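Trainee: For reference, the structure I am asking about is given below.
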Amino acid sequence: METLELQSVLLPGVRDQRPVVISGPCSAETEEQVLSTARSLAAKGIRIFRAGIWKPRTKPGGFEGVGSIGLAWLKRVKEQTGMYVATEVATRDHVFEALKAGIDLLWIGARSTANPFMMQDLADALKGTDIPVLIKNPVNPDLELWIGAIQRMYGAGIRRLGVIHRGFSSYDKKIYRNLPLWHIPIELHRRYPQLPIFCDPSHIGGKRELIASLCQQAMELNFNGLIIESHCNPDEAWSDAAQQITPDVLDYVLNLLVIRDSTQTTENLSELRRQIDGIDESLLELLAKRMRISREIGIYKMEHNMPILQTPRYGEILENRTKAAVALDMNPDFIEKILKEIHEESVRQQMNIMTV
């Protein structure tokens with residue numbers, strides 16, 4: 001496993017205490033809107049203000065940000081409130097202008113992360129700087145693509161690195177605007193435990209009423225921080241109005257959070273974990289036994305000139321096992337996914353026999 005020798009993304013005076021909060025409007029719209037929101041957030045103790053200056057939109061014709069003029073507004077936020085300021089960059093020119101304006105923290109959006117050429121260009125533009133950079137996950141659920149973006153920045157000498165989990169696009173939308181797929185940032189953290197992770201509940205949820213629960217889930221998963229969109233008048237926002245909250249609501253959400261002590265001793269869990277280890281070993285032994293029987297079935301099918309795939313049998317297994325899962329108080333979708341993986345491995349093992 002690659003080790004990243006990182007430096008802290010925290011800015012001077014920002015407490016290293018979960019959650020580190022970055023907040024501000026989706027887009028800088030007017031100087032009045034930016035300063036009004038910033039003053040309210042500063043009064044609530046928020047130290048890092050975010051606002052989109054250049055806004056990549058899915059389709060042309062929407063509001064794509066005020067552009068470089070907004071950087072002057074962020075400078076005034078720093079002067080009037082003492083807050084640090086952050087914005088998204090998507091091109092080499094954005095990087096140069098943001099650095100010239102004294103922006104304190106940069107993030108790279110999901111669309112940029114998905115493009116290795118763009119990531120390399122941004123990395124080259126940032127080479128030699130000491131600014132904290134947060135990298136959002138790519139729009140599609142591709143962990144290796146996310147890691148590749150991190151490695152490009154690291155390869156350019158950027159050491160103040162972190163990531164933002166903003167969820168993953170899905171054609172089949174359900175509750176969330178972007179599916180959380182928590183297992184992906186969990187795996188990223190397993191590989192790079194020193195890499196700080198921020199959660200973006202605004203983009204995951206897409207609706208302000210989902211923000212509180214998503215923030216709590218992120219804290220339960222030991223995320224380091226939150227980047228939350230807030231606006232002085234969310235309903236009138238020029239972009240992503242439905243997912244923005246007022247500074248007052250943000251303060252309420254943050255005060256509701258339960259932050260569990262991650263340094264608490266786990267000695268009391270040792271016996272339970274030993275039981276889990278034993279069960280996992282038993283599961284592996286049972287799966288190995290099941291595959292042995294599958295191979296025997298494969299030999300029988302080959303000897304009797306039968307096709308590998310027996311669709312009625314597979315459908316019967318799925319139906320009966322998922323019903324049993326409900327009776328055992330387990331999620332049938334979870335069991336169905338496991339059964340599909342087991343079936344795929346059984347087919348693979350039988351294919352090996354049939355093609356000898």
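In the structure tokens, chains take letters A, B, ... by order of appearance, with residues numbered from 1 within each chain and ligands from 1 in the order shown.
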Mind checking which residues fall within 6 Å of region 134-142 of chain A, counting only C-alpha atoms, ignoring those fewer than 4 positions away in the same chain, and posting them as a list in words?
Mentor: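 What passes the distance filter is Trp107, Ile108, Gly109, Ala110, Thr113, Ala114, Trp146, Leu161, Gly162, Val163, Ile164, His165, Phe168 and Ser169 of chain A.
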Trainee: List as a list in words the protein and nucleic acid residues near Ser202 (chain A), meaning an atom at most 6 Å away when only C-alpha atoms are counted, but skip any in the same chain fewer than 2 places from it.
Mentor: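 Contacts, in chain order: Asp200, Ile204, Gly205, Gly206, Ile228 and Gln243 of chain A.
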Trainee: Quick one: pick out all alpha helix (DSSP H) residues within region 52-133 of chain A from a backbone DSSP run and write them as a compact mmCIF listing (two decimals) with all heavy atoms, in the first residue's frame.
Mentor:
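Result saved to result34.txt:
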```txt
# COMPACT_ATOMS: atom_id res chain seq x y z
N ILE A 69 -14.51 38.45 -11.11
CA ILE A 69 -14.94 39.58 -10.28
C ILE A 69 -15.29 39.12 -8.87
O ILE A 69 -15.13 39.85 -7.89
CB ILE A 69 -16.15 40.29 -10.94
CG1 ILE A 69 -16.46 41.58 -10.18
CG2 ILE A 69 -17.38 39.38 -10.98
CD1 ILE A 69 -17.58 42.39 -10.84
N GLY A 70 -15.76 37.86 -8.75
CA GLY A 70 -16.13 37.34 -7.44
C GLY A 70 -14.95 37.14 -6.50
O GLY A 70 -15.13 37.09 -5.28
N LEU A 71 -13.76 37.02 -7.05
CA LEU A 71 -12.58 36.87 -6.20
C LEU A 71 -12.37 38.11 -5.32
O LEU A 71 -11.92 37.99 -4.18
CB LEU A 71 -11.34 36.62 -7.06
CG LEU A 71 -11.33 35.28 -7.83
CD1 LEU A 71 -10.16 35.25 -8.80
CD2 LEU A 71 -11.29 34.10 -6.88
N ALA A 72 -12.70 39.25 -5.85
CA ALA A 72 -12.58 40.48 -5.05
C ALA A 72 -13.55 40.45 -3.88
O ALA A 72 -13.25 40.96 -2.79
CB ALA A 72 -12.84 41.70 -5.93
N TRP A 73 -14.72 39.85 -4.08
CA TRP A 73 -15.69 39.74 -2.99
C TRP A 73 -15.16 38.82 -1.89
O TRP A 73 -15.36 39.09 -0.70
CB TRP A 73 -17.02 39.21 -3.51
CG TRP A 73 -17.60 39.99 -4.65
CD1 TRP A 73 -17.27 41.27 -5.03
CD2 TRP A 73 -18.59 39.55 -5.58
NE1 TRP A 73 -18.00 41.65 -6.12
CE2 TRP A 73 -18.83 40.62 -6.49
CE3 TRP A 73 -19.31 38.37 -5.75
CZ2 TRP A 73 -19.75 40.52 -7.53
CZ3 TRP A 73 -20.23 38.27 -6.78
CH2 TRP A 73 -20.45 39.33 -7.66
N LEU A 74 -14.48 37.74 -2.30
CA LEU A 74 -13.91 36.84 -1.30
C LEU A 74 -12.79 37.53 -0.52
O LEU A 74 -12.63 37.29 0.69
CB LEU A 74 -13.38 35.57 -1.98
CG LEU A 74 -14.43 34.68 -2.67
CD1 LEU A 74 -13.78 33.38 -3.17
CD2 LEU A 74 -15.59 34.35 -1.74
N LYS A 75 -12.03 38.38 -1.18
CA LYS A 75 -11.00 39.14 -0.47
C LYS A 75 -11.64 40.03 0.59
O LYS A 75 -11.11 40.17 1.70
CB LYS A 75 -10.20 39.98 -1.46
CG LYS A 75 -9.28 39.17 -2.38
CD LYS A 75 -8.52 40.04 -3.36
CE LYS A 75 -7.47 40.89 -2.68
NZ LYS A 75 -6.63 41.61 -3.67
N ARG A 76 -12.80 40.61 0.26
CA ARG A 76 -13.49 41.45 1.24
C ARG A 76 -14.03 40.62 2.40
O ARG A 76 -14.11 41.10 3.54
CB ARG A 76 -14.61 42.24 0.56
CG ARG A 76 -14.06 43.27 -0.42
CD ARG A 76 -15.12 44.21 -0.95
NE ARG A 76 -14.54 45.04 -2.00
CZ ARG A 76 -14.73 44.86 -3.30
NH1 ARG A 76 -15.52 43.89 -3.72
NH2 ARG A 76 -14.15 45.65 -4.18
N VAL A 77 -14.44 39.38 2.12
CA VAL A 77 -14.86 38.49 3.21
C VAL A 77 -13.72 38.32 4.20
O VAL A 77 -13.91 38.40 5.42
CB VAL A 77 -15.30 37.11 2.64
CG1 VAL A 77 -15.41 36.08 3.76
CG2 VAL A 77 -16.62 37.23 1.89
N LYS A 78 -12.50 38.08 3.70
CA LYS A 78 -11.34 37.92 4.57
C LYS A 78 -11.09 39.19 5.38
O LYS A 78 -10.84 39.13 6.58
CB LYS A 78 -10.10 37.59 3.73
CG LYS A 78 -10.13 36.24 3.06
CD LYS A 78 -8.88 35.98 2.23
CE LYS A 78 -7.65 35.87 3.09
NZ LYS A 78 -6.47 35.41 2.32
N GLU A 79 -11.17 40.33 4.71
CA GLU A 79 -10.88 41.60 5.38
C GLU A 79 -11.93 41.93 6.44
O GLU A 79 -11.58 42.42 7.53
CB GLU A 79 -10.84 42.72 4.35
CG GLU A 79 -9.68 42.60 3.35
CD GLU A 79 -9.86 43.51 2.14
OE1 GLU A 79 -10.90 44.21 2.05
OE2 GLU A 79 -8.95 43.52 1.28
N GLN A 80 -13.20 41.66 6.15
CA GLN A 80 -14.27 42.10 7.05
C GLN A 80 -14.59 41.10 8.15
O GLN A 80 -15.11 41.49 9.21
CB GLN A 80 -15.53 42.40 6.24
CG GLN A 80 -15.38 43.59 5.30
CD GLN A 80 -16.68 43.97 4.62
OE1 GLN A 80 -17.77 43.61 5.07
NE2 GLN A 80 -16.58 44.71 3.52
N THR A 81 -14.34 39.80 7.91
CA THR A 81 -14.74 38.79 8.90
C THR A 81 -13.56 38.03 9.50
O THR A 81 -13.71 37.38 10.53
CB THR A 81 -15.69 37.76 8.27
OG1 THR A 81 -14.95 36.96 7.32
CG2 THR A 81 -16.87 38.43 7.58
N ARG A 92 -6.20 25.85 -15.54
CA ARG A 92 -4.93 26.48 -15.15
C ARG A 92 -5.13 27.97 -14.85
O ARG A 92 -4.57 28.50 -13.88
CB ARG A 92 -3.92 26.27 -16.29
CG ARG A 92 -2.57 26.89 -16.09
CD ARG A 92 -1.69 26.59 -17.28
NE ARG A 92 -1.30 25.19 -17.31
CZ ARG A 92 -0.17 24.73 -16.79
NH1 ARG A 92 0.68 25.57 -16.20
NH2 ARG A 92 0.14 23.46 -16.85
N ASP A 93 -5.93 28.65 -15.66
CA ASP A 93 -6.18 30.08 -15.44
C ASP A 93 -6.90 30.31 -14.11
O ASP A 93 -6.61 31.28 -13.39
CB ASP A 93 -7.02 30.66 -16.58
CG ASP A 93 -6.22 30.81 -17.87
OD1 ASP A 93 -4.97 30.80 -17.80
OD2 ASP A 93 -6.84 30.95 -18.95
N HIS A 94 -7.84 29.42 -13.77
CA HIS A 94 -8.51 29.55 -12.47
C HIS A 94 -7.50 29.49 -11.34
O HIS A 94 -7.58 30.27 -10.37
CB HIS A 94 -9.52 28.41 -12.28
CG HIS A 94 -10.69 28.46 -13.20
ND1 HIS A 94 -11.61 27.42 -13.29
CD2 HIS A 94 -11.12 29.40 -14.08
CE1 HIS A 94 -12.54 27.73 -14.17
NE2 HIS A 94 -12.26 28.94 -14.67
N VAL A 95 -6.56 28.56 -11.44
CA VAL A 95 -5.54 28.41 -10.41
C VAL A 95 -4.74 29.69 -10.26
O VAL A 95 -4.57 30.22 -9.15
CB VAL A 95 -4.59 27.22 -10.74
CG1 VAL A 95 -3.38 27.22 -9.80
CG2 VAL A 95 -5.34 25.90 -10.64
N PHE A 96 -4.26 30.23 -11.35
CA PHE A 96 -3.43 31.43 -11.30
C PHE A 96 -4.21 32.61 -10.70
O PHE A 96 -3.68 33.36 -9.88
CB PHE A 96 -2.92 31.79 -12.70
CG PHE A 96 -1.95 30.78 -13.25
CD1 PHE A 96 -1.82 30.60 -14.63
CD2 PHE A 96 -1.17 29.99 -12.41
CE1 PHE A 96 -0.92 29.67 -15.15
CE2 PHE A 96 -0.27 29.05 -12.92
CZ PHE A 96 -0.16 28.89 -14.29
N GLU A 97 -5.45 32.77 -11.13
CA GLU A 97 -6.25 33.90 -10.62
C GLU A 97 -6.58 33.73 -9.14
O GLU A 97 -6.55 34.71 -8.38
CB GLU A 97 -7.53 34.04 -11.44
CG GLU A 97 -7.28 34.51 -12.87
CD GLU A 97 -8.56 34.93 -13.57
OE1 GLU A 97 -9.30 35.75 -13.00
OE2 GLU A 97 -8.83 34.44 -14.69
N ALA A 98 -6.90 32.51 -8.73
CA ALA A 98 -7.22 32.27 -7.33
C ALA A 98 -6.00 32.51 -6.43
O ALA A 98 -6.11 33.12 -5.36
CB ALA A 98 -7.74 30.84 -7.15
N LEU A 99 -4.84 32.04 -6.88
CA LEU A 99 -3.63 32.25 -6.09
C LEU A 99 -3.29 33.74 -6.02
O LEU A 99 -2.89 34.25 -4.95
CB LEU A 99 -2.46 31.47 -6.70
CG LEU A 99 -2.57 29.94 -6.65
CD1 LEU A 99 -1.40 29.31 -7.40
CD2 LEU A 99 -2.62 29.45 -5.22
N LYS A 100 -3.45 34.44 -7.13
CA LYS A 100 -3.16 35.88 -7.15
C LYS A 100 -4.08 36.65 -6.21
O LYS A 100 -3.68 37.64 -5.59
CB LYS A 100 -3.30 36.40 -8.59
CG LYS A 100 -2.90 37.86 -8.77
CD LYS A 100 -2.85 38.24 -10.24
CE LYS A 100 -4.22 38.13 -10.89
NZ LYS A 100 -4.21 38.60 -12.31
N ALA A 110 -15.92 17.28 -9.16
CA ALA A 110 -16.07 15.88 -9.58
C ALA A 110 -15.82 15.69 -11.07
O ALA A 110 -15.24 14.69 -11.49
CB ALA A 110 -17.47 15.40 -9.21
N ARG A 111 -16.26 16.64 -11.89
CA ARG A 111 -16.05 16.51 -13.33
C ARG A 111 -14.56 16.60 -13.68
O ARG A 111 -14.08 15.92 -14.58
CB ARG A 111 -16.83 17.58 -14.08
CG ARG A 111 -18.36 17.43 -13.97
CD ARG A 111 -19.05 18.61 -14.67
NE ARG A 111 -20.49 18.52 -14.61
CZ ARG A 111 -21.23 19.00 -13.61
NH1 ARG A 111 -20.63 19.57 -12.58
NH2 ARG A 111 -22.54 18.88 -13.63
N SER A 112 -13.85 17.44 -12.96
CA SER A 112 -12.40 17.57 -13.20
C SER A 112 -11.67 16.31 -12.76
O SER A 112 -10.77 15.84 -13.47
CB SER A 112 -11.85 18.78 -12.45
OG SER A 112 -12.52 19.97 -12.84
N THR A 113 -12.05 15.76 -11.61
CA THR A 113 -11.39 14.55 -11.10
C THR A 113 -11.51 13.40 -12.10
O THR A 113 -10.62 12.56 -12.20
CB THR A 113 -12.01 14.15 -9.75
OG1 THR A 113 -11.93 15.26 -8.84
CG2 THR A 113 -11.28 12.97 -9.14
N PRO A 116 -8.28 12.71 -16.38
CA PRO A 116 -6.85 12.68 -16.03
C PRO A 116 -6.04 13.80 -16.68
O PRO A 116 -5.09 14.31 -16.08
CB PRO A 116 -6.39 11.30 -16.53
CG PRO A 116 -7.64 10.47 -16.53
CD PRO A 116 -8.74 11.41 -16.91
N PHE A 117 -6.39 14.18 -17.91
CA PHE A 117 -5.65 15.27 -18.57
C PHE A 117 -5.85 16.59 -17.80
O PHE A 117 -4.91 17.35 -17.58
CB PHE A 117 -6.12 15.43 -20.02
CG PHE A 117 -5.77 14.27 -20.90
CD1 PHE A 117 -6.74 13.38 -21.32
CD2 PHE A 117 -4.46 14.06 -21.31
CE1 PHE A 117 -6.42 12.30 -22.13
CE2 PHE A 117 -4.12 13.00 -22.13
CZ PHE A 117 -5.10 12.11 -22.54
N MET A 118 -7.10 16.84 -17.39
CA MET A 118 -7.39 18.06 -16.64
C MET A 118 -6.69 18.03 -15.29
O MET A 118 -6.12 19.04 -14.84
CB MET A 118 -8.91 18.20 -16.46
CG MET A 118 -9.34 19.52 -15.86
SD MET A 118 -11.15 19.65 -15.73
CE MET A 118 -11.60 19.64 -17.47
N MET A 119 -6.70 16.86 -14.63
CA MET A 119 -6.05 16.76 -13.33
C MET A 119 -4.54 17.01 -13.44
O MET A 119 -3.96 17.68 -12.59
CB MET A 119 -6.30 15.38 -12.73
CG MET A 119 -7.68 15.19 -12.12
SD MET A 119 -8.09 16.42 -10.85
CE MET A 119 -6.68 16.31 -9.75
N GLN A 120 -3.93 16.49 -14.49
CA GLN A 120 -2.50 16.69 -14.65
C GLN A 120 -2.19 18.16 -14.90
O GLN A 120 -1.20 18.71 -14.38
CB GLN A 120 -1.95 15.83 -15.79
CG GLN A 120 -0.44 15.84 -15.88
CD GLN A 120 0.20 15.31 -14.61
OE1 GLN A 120 -0.07 14.19 -14.19
NE2 GLN A 120 1.06 16.12 -13.98
N ASP A 121 -3.03 18.82 -15.68
CA ASP A 121 -2.82 20.24 -15.97
C ASP A 121 -2.96 21.07 -14.69
O ASP A 121 -2.18 21.99 -14.44
CB ASP A 121 -3.82 20.71 -17.03
CG ASP A 121 -3.41 22.04 -17.65
OD1 ASP A 121 -2.23 22.20 -18.01
OD2 ASP A 121 -4.28 22.93 -17.76
N LEU A 122 -3.95 20.73 -13.87
CA LEU A 122 -4.14 21.44 -12.60
C LEU A 122 -2.96 21.18 -11.67
O LEU A 122 -2.48 22.09 -10.98
CB LEU A 122 -5.45 21.01 -11.95
CG LEU A 122 -6.73 21.50 -12.62
CD1 LEU A 122 -7.96 20.80 -12.03
CD2 LEU A 122 -6.88 23.02 -12.47
N ALA A 123 -2.50 19.93 -11.64
CA ALA A 123 -1.36 19.59 -10.80
C ALA A 123 -0.12 20.37 -11.22
O ALA A 123 0.62 20.91 -10.38
CB ALA A 123 -1.10 18.08 -10.86
N ASP A 124 0.10 20.46 -12.51
CA ASP A 124 1.25 21.21 -13.02
C ASP A 124 1.13 22.69 -12.66
O ASP A 124 2.13 23.35 -12.32
CB ASP A 124 1.36 21.05 -14.53
CG ASP A 124 1.76 19.64 -14.95
OD1 ASP A 124 2.28 18.89 -14.11
OD2 ASP A 124 1.52 19.29 -16.12
N ALA A 125 -0.09 23.23 -12.73
CA ALA A 125 -0.30 24.65 -12.40
C ALA A 125 -0.06 24.92 -10.92
O ALA A 125 0.35 26.02 -10.54
CB ALA A 125 -1.72 25.06 -12.79
N LEU A 126 -0.30 23.92 -10.07
CA LEU A 126 -0.17 24.09 -8.62
C LEU A 126 1.23 23.73 -8.11
O LEU A 126 1.53 23.93 -6.93
CB LEU A 126 -1.21 23.23 -7.90
CG LEU A 126 -2.63 23.79 -7.93
CD1 LEU A 126 -3.64 22.70 -7.60
CD2 LEU A 126 -2.76 24.96 -6.95
```
Trainee: Please report the interatomic distance between CA of Gly225 (chain A) and CA of Tyr154 (chain A) in Å with one decimal.
Mentor: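 Answer for the CA of Gly225 (chain A) to CA of Tyr154 (chain A) separation: 20.8 Å.
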Trainee: Under the rule that only C-alpha atoms are counted, which of A:Asn233, A:Ser239, A:His203, A:Tyr171 is the nearest residue to Val66 (chain A)?
Mentor: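 Ranking A:Asn233, A:Ser239, A:His203, A:Tyr171 by distance to Val66 (chain A), first place goes to A:Ser239.
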Trainee: Go through A:Ala324, A:Met302, A:Val21, A:Ile175 and flag the residue nearest Val253 (chain A), using only C-alpha atoms for the distances.
Mentor: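 Using only C-alpha atoms, Val253 (chain A) sits closest to A:Val21.
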Trainee: Have a look at A:Pro180, A:Gly67, A:Gly62, A:Pro307 and name the one nearest to Leu210 (chain A); count only C-alpha atoms.
Mentor: A:Pro180
Trainee: Within 7 Å of Thr87 (chain A), counting only C-alpha atoms, which residues show up once you throw out same-chain ones fewer than 5 positions away? Write them as a PyMOL selection string, please.
Mentor: chain A and resi 50-53+105-107
Trainee: Could you tell me, as a list in words, which residues of region 224-260 of chain A DSSP assigns to strand (DSSP E) when given the backbone?
Mentor: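 Result set for region 224-260 of chain A (strand (DSSP E)): Gly225, Leu226, Ile227, Ile228 and Glu229 of chain A.
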Trainee: With only C-alpha atoms as the basis for distance, which of A:Cys26, A:Ala38, A:Met351, A:Met330 is at the shortest distance from Ile299 (chain A)?
Mentor: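 Of A:Cys26, A:Ala38, A:Met351, A:Met330, the one nearest Ile299 (chain A), counting only C-alpha atoms, is A:Met351.
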Trainee: In Å, how far is it from CA of Glu344 (chain A) to CA of Val326 (chain A)?
Mentor: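 Computing it gives 22.9 Å between the two atoms.
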Trainee: Leaving out Ser294 (chain A) and any residue of its chain fewer than 2 positions from it, which residues lie within 10 Å of it when counting only C-alpha atoms, given as an NGL selection string?
Mentor: :A and (288-292 or 296-300 or 343 or 345-350)
Trainee: Restricting the output to all heavy atoms, write the selected residues as a compact mmCIF listing (two decimals), in the first residue's frame.
Mentor:
```txt
# COMPACT_ATOMS: atom_id res chain seq x y z
N ALA A 288 -16.10 -22.32 0.44
CA ALA A 288 -15.20 -23.25 -0.23
C ALA A 288 -15.90 -24.58 -0.48
O ALA A 288 -15.75 -25.20 -1.55
CB ALA A 288 -13.94 -23.45 0.61
N LYS A 289 -16.69 -25.04 0.52
CA LYS A 289 -17.44 -26.29 0.36
C LYS A 289 -18.49 -26.15 -0.74
O LYS A 289 -18.68 -27.05 -1.56
CB LYS A 289 -18.12 -26.64 1.69
CG LYS A 289 -18.88 -27.95 1.68
CD LYS A 289 -19.45 -28.26 3.06
CE LYS A 289 -20.20 -29.59 3.05
NZ LYS A 289 -20.77 -29.90 4.38
N ARG A 290 -19.14 -24.97 -0.78
CA ARG A 290 -20.16 -24.75 -1.82
C ARG A 290 -19.52 -24.78 -3.21
O ARG A 290 -20.09 -25.31 -4.17
CB ARG A 290 -20.86 -23.40 -1.58
CG ARG A 290 -22.13 -23.21 -2.41
CD ARG A 290 -22.68 -21.81 -2.20
NE ARG A 290 -24.05 -21.67 -2.67
CZ ARG A 290 -24.43 -21.58 -3.93
NH1 ARG A 290 -23.52 -21.63 -4.90
NH2 ARG A 290 -25.71 -21.45 -4.24
N MET A 291 -18.34 -24.18 -3.35
CA MET A 291 -17.67 -24.18 -4.65
C MET A 291 -17.21 -25.59 -5.04
O MET A 291 -17.21 -25.94 -6.23
CB MET A 291 -16.47 -23.21 -4.63
CG MET A 291 -16.88 -21.75 -4.51
SD MET A 291 -18.05 -21.24 -5.79
CE MET A 291 -18.89 -19.87 -4.96
N ARG A 292 -16.83 -26.39 -4.06
CA ARG A 292 -16.45 -27.76 -4.37
C ARG A 292 -17.64 -28.51 -4.96
O ARG A 292 -17.52 -29.24 -5.96
CB ARG A 292 -15.94 -28.48 -3.11
CG ARG A 292 -15.59 -29.95 -3.36
CD ARG A 292 -15.10 -30.62 -2.09
NE ARG A 292 -16.07 -30.58 -1.02
CZ ARG A 292 -17.15 -31.38 -0.96
NH1 ARG A 292 -17.40 -32.25 -1.93
NH2 ARG A 292 -17.98 -31.29 0.06
N GLU A 296 -18.36 -30.18 -8.73
CA GLU A 296 -18.89 -31.52 -8.96
C GLU A 296 -20.11 -31.45 -9.90
O GLU A 296 -20.27 -32.31 -10.79
CB GLU A 296 -19.28 -32.17 -7.64
CG GLU A 296 -18.09 -32.50 -6.75
CD GLU A 296 -18.51 -33.09 -5.40
OE1 GLU A 296 -19.72 -33.34 -5.23
OE2 GLU A 296 -17.64 -33.28 -4.55
N ILE A 297 -20.93 -30.43 -9.72
CA ILE A 297 -22.07 -30.24 -10.62
C ILE A 297 -21.57 -29.95 -12.02
O ILE A 297 -22.14 -30.42 -13.02
CB ILE A 297 -22.98 -29.10 -10.10
CG1 ILE A 297 -23.67 -29.53 -8.80
CG2 ILE A 297 -24.02 -28.70 -11.15
CD1 ILE A 297 -24.44 -28.41 -8.11
N GLY A 298 -20.50 -29.15 -12.12
CA GLY A 298 -19.92 -28.84 -13.43
C GLY A 298 -19.45 -30.10 -14.14
O GLY A 298 -19.64 -30.24 -15.36
N ILE A 299 -18.84 -31.02 -13.40
CA ILE A 299 -18.39 -32.29 -14.00
C ILE A 299 -19.60 -33.08 -14.51
O ILE A 299 -19.58 -33.64 -15.62
CB ILE A 299 -17.60 -33.11 -12.96
CG1 ILE A 299 -16.28 -32.39 -12.63
CG2 ILE A 299 -17.33 -34.52 -13.48
CD1 ILE A 299 -15.53 -32.98 -11.46
N TYR A 300 -20.66 -33.11 -13.71
CA TYR A 300 -21.88 -33.83 -14.12
C TYR A 300 -22.47 -33.22 -15.40
O TYR A 300 -22.86 -33.94 -16.32
CB TYR A 300 -22.89 -33.79 -12.98
CG TYR A 300 -24.17 -34.56 -13.27
CD1 TYR A 300 -24.28 -35.91 -12.95
CD2 TYR A 300 -25.26 -33.93 -13.89
CE1 TYR A 300 -25.45 -36.62 -13.22
CE2 TYR A 300 -26.42 -34.63 -14.18
CZ TYR A 300 -26.51 -35.97 -13.83
OH TYR A 300 -27.65 -36.67 -14.12
N HIS A 343 -23.12 -16.89 -7.26
CA HIS A 343 -23.51 -17.57 -8.50
C HIS A 343 -22.48 -17.30 -9.60
O HIS A 343 -22.11 -18.21 -10.37
CB HIS A 343 -24.90 -17.10 -8.94
CG HIS A 343 -25.39 -17.74 -10.19
ND1 HIS A 343 -25.33 -17.11 -11.42
CD2 HIS A 343 -25.92 -18.97 -10.42
CE1 HIS A 343 -25.82 -17.92 -12.34
NE2 HIS A 343 -26.19 -19.05 -11.76
N GLU A 345 -19.30 -16.68 -9.27
CA GLU A 345 -18.10 -17.47 -9.00
C GLU A 345 -18.34 -18.95 -9.30
O GLU A 345 -17.46 -19.64 -9.83
CB GLU A 345 -17.66 -17.28 -7.54
CG GLU A 345 -16.47 -18.11 -7.11
CD GLU A 345 -15.20 -17.81 -7.91
OE1 GLU A 345 -15.13 -16.76 -8.59
OE2 GLU A 345 -14.25 -18.62 -7.83
N SER A 346 -19.55 -19.45 -9.00
CA SER A 346 -19.88 -20.84 -9.31
C SER A 346 -19.83 -21.09 -10.82
O SER A 346 -19.29 -22.10 -11.29
CB SER A 346 -21.27 -21.20 -8.77
OG SER A 346 -21.32 -21.10 -7.37
N VAL A 347 -20.38 -20.14 -11.59
CA VAL A 347 -20.36 -20.26 -13.04
C VAL A 347 -18.92 -20.25 -13.55
O VAL A 347 -18.54 -21.03 -14.43
CB VAL A 347 -21.19 -19.13 -13.69
CG1 VAL A 347 -20.94 -19.06 -15.20
CG2 VAL A 347 -22.68 -19.33 -13.41
N ARG A 348 -18.11 -19.36 -12.98
CA ARG A 348 -16.70 -19.28 -13.40
C ARG A 348 -15.98 -20.60 -13.15
O ARG A 348 -15.23 -21.09 -14.01
CB ARG A 348 -15.99 -18.16 -12.63
CG ARG A 348 -14.58 -17.87 -13.14
CD ARG A 348 -13.85 -16.90 -12.22
NE ARG A 348 -13.54 -17.51 -10.95
CZ ARG A 348 -12.51 -18.33 -10.74
NH1 ARG A 348 -11.68 -18.63 -11.74
NH2 ARG A 348 -12.28 -18.84 -9.55
N GLN A 349 -16.22 -21.19 -11.98
CA GLN A 349 -15.55 -22.46 -11.66
C GLN A 349 -16.02 -23.58 -12.59
O GLN A 349 -15.23 -24.43 -13.01
CB GLN A 349 -15.82 -22.83 -10.19
CG GLN A 349 -15.30 -21.80 -9.22
CD GLN A 349 -14.41 -22.37 -8.14
OE1 GLN A 349 -14.09 -23.56 -8.16
NE2 GLN A 349 -13.99 -21.54 -7.21
N GLN A 350 -17.32 -23.59 -12.91
CA GLN A 350 -17.82 -24.61 -13.82
C GLN A 350 -17.30 -24.39 -15.25
O GLN A 350 -17.03 -25.35 -15.98
CB GLN A 350 -19.35 -24.64 -13.79
CG GLN A 350 -19.90 -25.15 -12.47
CD GLN A 350 -21.41 -25.25 -12.45
OE1 GLN A 350 -22.06 -25.23 -13.50
NE2 GLN A 350 -21.98 -25.35 -11.26
```
Trainee: If we count only C-alpha atoms and set the cut-off at 9 Å, which residues sit around Pro25 (chain A), ignoring sequence neighbours fewer than 6 positions away in its own chain? Please answer as a list in words.
Mentor: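 In the requested format, the answer is Gln33, Val34, Thr37, Phe49, Arg50, Ala51, Gly52, Ile228, Glu229, Ser230, His231, Cys232, Pro234, Ala237, Gln244 and Ile245 of chain A.
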Trainee: Please produce a file of those selected residues containing C-alpha atoms, as a JSON list (two decimals), in the first residue's frame.
Mentor:
```
[["chain", "number", "residue", "atom", "x", "y", "z"],
["A", 33, "GLN", "CA", -25.10, 38.11, -1.00],
["A", 34, "VAL", "CA", -21.52, 36.94, -0.39],
["A", 37, "THR", "CA", -23.80, 35.13, 4.16],
["A", 49, "PHE", "CA", -16.01, 30.38, 3.77],
["A", 50, "ARG", "CA", -16.68, 28.71, 0.42],
["A", 51, "ALA", "CA", -18.23, 30.10, -2.74],
["A", 52, "GLY", "CA", -18.20, 28.99, -6.35],
["A", 228, "ILE", "CA", -22.02, 22.46, 3.43],
["A", 229, "GLU", "CA", -23.73, 24.97, 1.15],
["A", 230, "SER", "CA", -25.37, 27.85, 3.00],
["A", 231, "HIS", "CA", -26.97, 31.00, 1.66],
["A", 232, "CYS", "CA", -28.50, 34.10, 3.20],
["A", 234, "PRO", "CA", -31.54, 29.86, -0.16],
["A", 237, "ALA", "CA", -30.27, 31.16, -4.94],
["A", 244, "GLN", "CA", -28.74, 25.15, 0.45],
["A", 245, "ILE", "CA", -29.57, 26.14, 4.01]]
```
Trainee: List as a list in words the protein and nucleic acid residues near Ile48 (chain A), meaning an atom at most 6 Å away when only C-alpha atoms are counted, but skip any in the same chain fewer than 5 places from it.
Mentor: Ile22, Met83, Tyr84 and Val85 of chain A
Trainee: Output C-alpha atoms of each residue in that selection to a file, as a compact mmCIF listing (two decimals), in the first residue's frame.
Mentor:
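again-v8.txt was written with the following content:
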```txt
# COMPACT_ATOMS: atom_id res chain seq x y z
CA ILE A 22 -16.41 24.75 5.38
CA MET A 83 -12.51 34.06 7.70
CA TYR A 84 -10.44 31.98 5.33
CA VAL A 85 -11.88 31.62 1.82
```
